[in-house]
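Some notes on the structure that comes next.
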Amino acid sequence: MVGFSSGRIIGWRKLVVLAAAGAGVVAAQSITDVRNAASGINQGLPNSAIAQGAIFSVFGTNLGPSPAVTATQAFQSTSLGGSSVSVTVGSTTVNALMYYASATQINALLPSNTPTGSGTITVTYNGTQTPSQPITVIQNNVGIFTVTSSGAGIGIVTYPDYSLVSSVPGTGAFGGGGPNTYGGAAIPGDTLTIWTTGLGPITGNDASGDGLGVNMGNIPLKVWLGGVSATVTYQGRSGCCIGEDQIAFMVPSGVPTGCAVPLTLQIGTSVSNSVVIPVAASGRSCIPQSPSLAISGQALNTSTVPINTGSFNISRQIYAEGSAGIQYDDVASGSLSQISPTPQYQPMLLSSLDSAPMGTCNSFQVVNGIVQAPPPLYTVVTGLDAGAVTITGPSGQVTMREQPGTGVPTQYTALLSPLGVYLSGGSYTVSAAGGKTVSAFKIPFSITATPAWPSSDQNLLVKGNGVNRANGMTLTWTGGSSKYYVEIDASSSVLAADSTNTLTGVVQCLVPSTLGTFTIPGSALLALPAGSSGQVDFKPSLNPVSFSADGLDFGSLTLQYDTALWPVTYN
């Protein structure tokens, strides 16, 4: 767990330790993955190669000591706690500079003089070497550090005084104005610094600090904030920290606003992990895109007591896909919980909960069907009890199954109908009878004609030689309405190097349905692996419906249909 006081910190300039598994040492010694220490992109997905001069993480078993050891001075030695890392490309072997060593994770720096190309990596611990594993070394492949050290969620982006860009300005010990403080949301015209690693190699000796503060202006770097290109004013090593890069840019006019505006970096056909930052039109407090958060945002920003939340999702989703085609089920789920914001991160909470602004895209990873989401900036105190919950519509009433939660949310689930027939249109109501902690409530909503993705447009994506990711992908639909927006998901899967894990890259875009067309930019699609196992999901979504009840601070209901196209080839 990395916070203000752990990791290598100079202001917000810190080397983070990706969340490691338990510290117990097992008999087998092996490497399971190698990742950029900032982006955390799994080996096998695009943009997972390690750049010369980058900080990287090695995951596995019996890699080092337990408890973990952290170097008193980062990247000054090629051994730490009995552990060392060697990388061989061609006939050249280099020894990585160490920072952190544990049984399950090592953080190190790949020397700038490492040759590029396909190679192997090994870890030696107490004289015993792991079997070698593949590694790809390239010149440039930048990753953005994140607040939760997960490679996803809120990016570490600072103001000139090193305060962190945050949903609202901090107060008390974390007030804006210096390192380890919160400066509030960015506004157009601000100059901000993104903290990264993997921008490229330096000339000289990494351990000696050669290259610190040197601008690498020849690298064709692009900064995309909310899909808008931003002007870069500096790109190069930080002035303080070996292996850490600073990218300074100006927030452009016309950038979308919200508490979770996507931010990505691009060098040629390589793109970074997708992170978010808050952006406001003026002032230093972001306005959430989610209606329920917009209503309750101030309470989330300032409350020092637990907050009661509720959400329900009604959807038509994929049940199965294969040679017989794609089958859908109509399902419902709900969650009621009391959460307690982590005080240290409260000025950032809205950015972790909000959705992206309309017209923007972000990307994320899925491993064996599990979304690699950042850990929450709050703890769940307990689940809440609203009694029996039912859904009533033209096809009748369905009672949701309740699973009470202690230390986890109370979950409600229901299969409304197989083969997707329950959500066929009309008036519906989600009703709660009322329970020990939440009073009775009713959430009415209507399903009218939804935007439709015609087969003629779908055919354009499966004809010819497939989708050229660098050129983007355009979808066109009919029946747009102010009542609906559209979520467009593009995804593609590959097997990991160990052939046991399935890795999926996903690009998610939110679009006003009234536009009738949208092009997913190449800077987003390049996060997907190439191949013929791709998919596109077109999801008309009802604008979120807010609801309230005694015992709830805020609640929201969403409705979403899925039309999936599979397989799609991405080149």
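Lettering and numbering for the structure tokens are positional, with chains as A, B, ... in the shown order, residues counted from 1 in each chain, and ligands counted from 1 in the shown order.
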Please provide the set of residues having any atom within 12 Å of A:Ala152, restricted to only C-alpha atoms, with same-chain residues fewer than 3 positions apart removed, written as a PyMOL selection string. chain A and resi 18+37-41+143-149+155-156+260+262-264+272-277+351-352+362-366+371-376
Enumerate, as a ChimeraX atom specification, the complete set of residues in stretch 178-321 of chain A that a backbone-based DSSP assignment places in strand (DSSP E). /A:182-184,191-197,221-225,228-237,245-250,258-267,270-271,275-279,307-321
Check the smallest atom-to-atom distance from each of A:Gly420, A:Gly226, A:Pro65, A:Gly170 to A:Gln344 using only C-alpha atoms, then report the winner.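 Distance minimum relative to A:Gln344 lands on A:Gly170.
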Correct to one decimal, the distance atom CA of A:Ala280-atom CA of A:Ala490 is 28.3 Å
Counting only C-alpha atoms, figure out which residue out of A:Gln139, A:Gln76, A:Ser417, A:Thr92 gets nearest to A:Ser208.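 Of all the options, A:Gln76 lies closest to A:Ser208.
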Which neighbours of stretch 354-358 of chain A fall inside 12 Å, counting only C-alpha atoms, when residues of the same chain fewer than 4 positions from it are skipped, and could you give them as an MDAnalysis selection string? chainID A and resid 153:154 167 225:227 255:263 274:280 286:294 296:297 300 348:350 362:363 484:488 508:515 518 543:544
Could you pull the residues within 12 Å of A:Val271, counting only C-alpha atoms, minus those fewer than 4 positions along the same chain, as number ranges by chain? A: 39, 41, 45-49, 140-144, 198-199, 220-224, 263-267, 275, 362-363, 469-470, 521-529
Suppose we keep C-alpha atoms; can you now write the selection as a compact mmCIF listing (two decimals), in the first residue's frame?
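See selection25.txt below for the written result:
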# COMPACT_ATOMS: atom_id res chain seq x y z
CA SER A 39 1.66 1.95 -16.49
CA ILE A 41 0.52 -2.86 -18.65
CA LEU A 45 -0.55 -6.41 -24.55
CA PRO A 46 0.55 -3.57 -26.83
CA ASN A 47 2.76 -0.96 -25.20
CA SER A 48 4.06 -3.42 -22.60
CA ALA A 49 7.68 -3.33 -23.83
CA ASN A 140 10.54 4.86 -26.02
CA ASN A 141 7.44 3.56 -24.22
CA VAL A 142 6.17 5.93 -21.61
CA GLY A 143 3.90 5.12 -18.65
CA ILE A 144 2.09 7.55 -16.34
CA GLY A 198 9.96 5.27 -20.09
CA LEU A 199 10.30 8.44 -22.15
CA PRO A 220 7.71 12.91 -31.15
CA LEU A 221 5.54 12.97 -28.03
CA LYS A 222 1.84 13.87 -28.05
CA VAL A 223 -0.31 14.67 -25.03
CA TRP A 224 -4.05 13.96 -25.34
CA LEU A 263 -5.24 11.68 -20.24
CA THR A 264 -2.93 9.63 -22.47
CA LEU A 265 0.50 10.01 -24.05
CA GLN A 266 1.55 8.86 -27.50
CA ILE A 267 4.93 8.31 -29.15
CA VAL A 275 -5.42 7.89 -16.59
CA ASN A 362 -10.26 5.79 -22.12
CA SER A 363 -8.66 2.36 -22.08
CA ARG A 469 -6.06 0.82 -35.36
CA ALA A 470 -3.81 3.79 -36.10
CA PRO A 521 -9.28 7.93 -32.45
CA GLY A 522 -6.19 5.94 -33.28
CA SER A 523 -4.55 7.22 -30.10
CA ALA A 524 -7.13 5.13 -28.21
CA LEU A 525 -7.35 2.06 -30.47
CA LEU A 526 -3.58 1.56 -30.33
CA ALA A 527 -4.13 0.23 -26.79
CA LEU A 528 -5.74 -2.89 -28.33
CA PRO A 529 -3.76 -5.94 -29.39
Please indicate the distance in Å from atom CA of A:Thr379 to atom CA of A:Ser285, rounded to one decimal place.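 Going from atom CA of A:Thr379 over to atom CA of A:Ser285 covers 23.3 Å.
Counting only C-alpha atoms, the residue from A:Gln411, A:Ser132, A:Thr93, A:Thr171 that sits nearest to A:Asn313 is A:Gln411.
Taking atom CA of A:Gly396 and atom CA of A:Asp330 as endpoints, the distance between them is 13.5 Å.
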Give me, as an MDAnalysis selection string, all polymer residues having an atom no more than 7 Å from A:Pro341, counting only C-alpha atoms and skipping those fewer than 2 positions away in the same chain. chainID A and resid 339 343 346 377:379
Nearest candidate to A:Leu416 (options A:Arg35, A:Lys463, A:Arg316, A:Arg284; using only C-alpha atoms):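 Going through A:Arg35, A:Lys463, A:Arg316, A:Arg284 one by one, the smallest distance to A:Leu416 is for A:Arg316.
Counting only C-alpha atoms, stretch 473-477 of chain A has the following residues at most 7 Å away, ignoring those fewer than 4 positions along the same chain: Pro451, Ala452, Trp453, Pro454, Asp457, Val467, Gly516, Thr517, Phe518, Thr519, Ile520 and Pro521 of chain A.
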I need the residues from that last selection saved to file as a short mmCIF file (atom, residue, chain, number, x, y, z; two decimals), in the first residue's frame (with N, CA and C atoms), if you can.
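result27.cif, freshly written:
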data_model
loop_
_atom_site.label_atom_id
_atom_site.label_comp_id
_atom_site.auth_asym_id
_atom_site.auth_seq_id
_atom_site.Cartn_x
_atom_site.Cartn_y
_atom_site.Cartn_z
N PRO A 451 -31.45 4.25 -29.56
CA PRO A 451 -30.60 4.34 -30.74
C PRO A 451 -30.23 2.94 -31.25
N ALA A 452 -30.16 2.80 -32.56
CA ALA A 452 -29.91 1.49 -33.16
C ALA A 452 -28.68 1.54 -34.06
N TRP A 453 -27.93 0.46 -34.01
CA TRP A 453 -26.73 0.31 -34.84
C TRP A 453 -27.06 -0.61 -36.01
N PRO A 454 -27.28 -0.07 -37.18
CA PRO A 454 -27.76 -0.88 -38.31
C PRO A 454 -26.71 -1.88 -38.78
N ASP A 457 -23.94 -0.72 -41.17
CA ASP A 457 -22.73 -0.10 -40.61
C ASP A 457 -21.84 -1.16 -39.97
N VAL A 467 -9.84 -3.52 -39.26
CA VAL A 467 -9.74 -2.14 -38.79
C VAL A 467 -8.27 -1.79 -38.58
N GLY A 516 -25.14 10.73 -33.76
CA GLY A 516 -25.37 9.79 -34.85
C GLY A 516 -24.11 9.14 -35.41
N THR A 517 -22.94 9.63 -35.05
CA THR A 517 -21.68 9.04 -35.53
C THR A 517 -20.56 9.43 -34.59
N PHE A 518 -19.54 8.56 -34.53
CA PHE A 518 -18.38 8.86 -33.68
C PHE A 518 -17.20 8.08 -34.20
N THR A 519 -16.04 8.71 -34.17
CA THR A 519 -14.80 8.04 -34.56
C THR A 519 -13.93 7.85 -33.34
N ILE A 520 -13.66 6.59 -33.00
CA ILE A 520 -12.70 6.29 -31.94
C ILE A 520 -11.31 6.61 -32.49
N PRO A 521 -10.57 7.51 -31.87
CA PRO A 521 -9.28 7.93 -32.45
C PRO A 521 -8.24 6.82 -32.38
#
Any chance you could list, as a VMD selection string, the residues in stretch 182-400 of chain A that come up alpha helix (DSSP H) when DSSP is run on the backbone? chain A and resid 291 to 302 349 to 353
Resulting file, chosen residues, C-alpha atoms, as a PDB file, in the first residue's frame:
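What ended up in again.pdb:
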ATOM      1  CA  PRO A 291     -25.986  13.391 -12.192  1.00  0.00           C
ATOM      2  CA  SER A 292     -26.100  11.683  -8.798  1.00  0.00           C
ATOM      3  CA  LEU A 293     -22.564  12.797  -8.007  1.00  0.00           C
ATOM      4  CA  ALA A 294     -23.349  16.317  -9.155  1.00  0.00           C
ATOM      5  CA  ILE A 295     -26.107  16.417  -6.538  1.00  0.00           C
ATOM      6  CA  SER A 296     -24.035  14.953  -3.719  1.00  0.00           C
ATOM      7  CA  GLY A 297     -20.559  16.050  -4.728  1.00  0.00           C
ATOM      8  CA  GLN A 298     -20.153  18.629  -1.992  1.00  0.00           C
ATOM      9  CA  ALA A 299     -20.979  16.070   0.687  1.00  0.00           C
ATOM     10  CA  LEU A 300     -18.412  13.689  -0.763  1.00  0.00           C
ATOM     11  CA  ASN A 301     -15.827  16.466  -0.737  1.00  0.00           C
ATOM     12  CA  THR A 302     -16.317  17.502   2.875  1.00  0.00           C
ATOM     13  CA  LEU A 349     -12.695  11.048  -4.366  1.00  0.00           C
ATOM     14  CA  LEU A 350     -14.933  12.513  -7.081  1.00  0.00           C
ATOM     15  CA  SER A 351     -12.319  11.714  -9.723  1.00  0.00           C
ATOM     16  CA  SER A 352     -12.347   8.067  -8.657  1.00  0.00           C
ATOM     17  CA  LEU A 353     -16.164   7.824  -8.799  1.00  0.00           C
TER      18      LEU A 353
END
Test item: residues at most 10 Å from A:Thr32, only C-alpha atoms, excluding those fewer than 5 positions along its chain, as a VMD selection string: chain A and resid 43 58 to 61 104 to 105 133 496 to 498
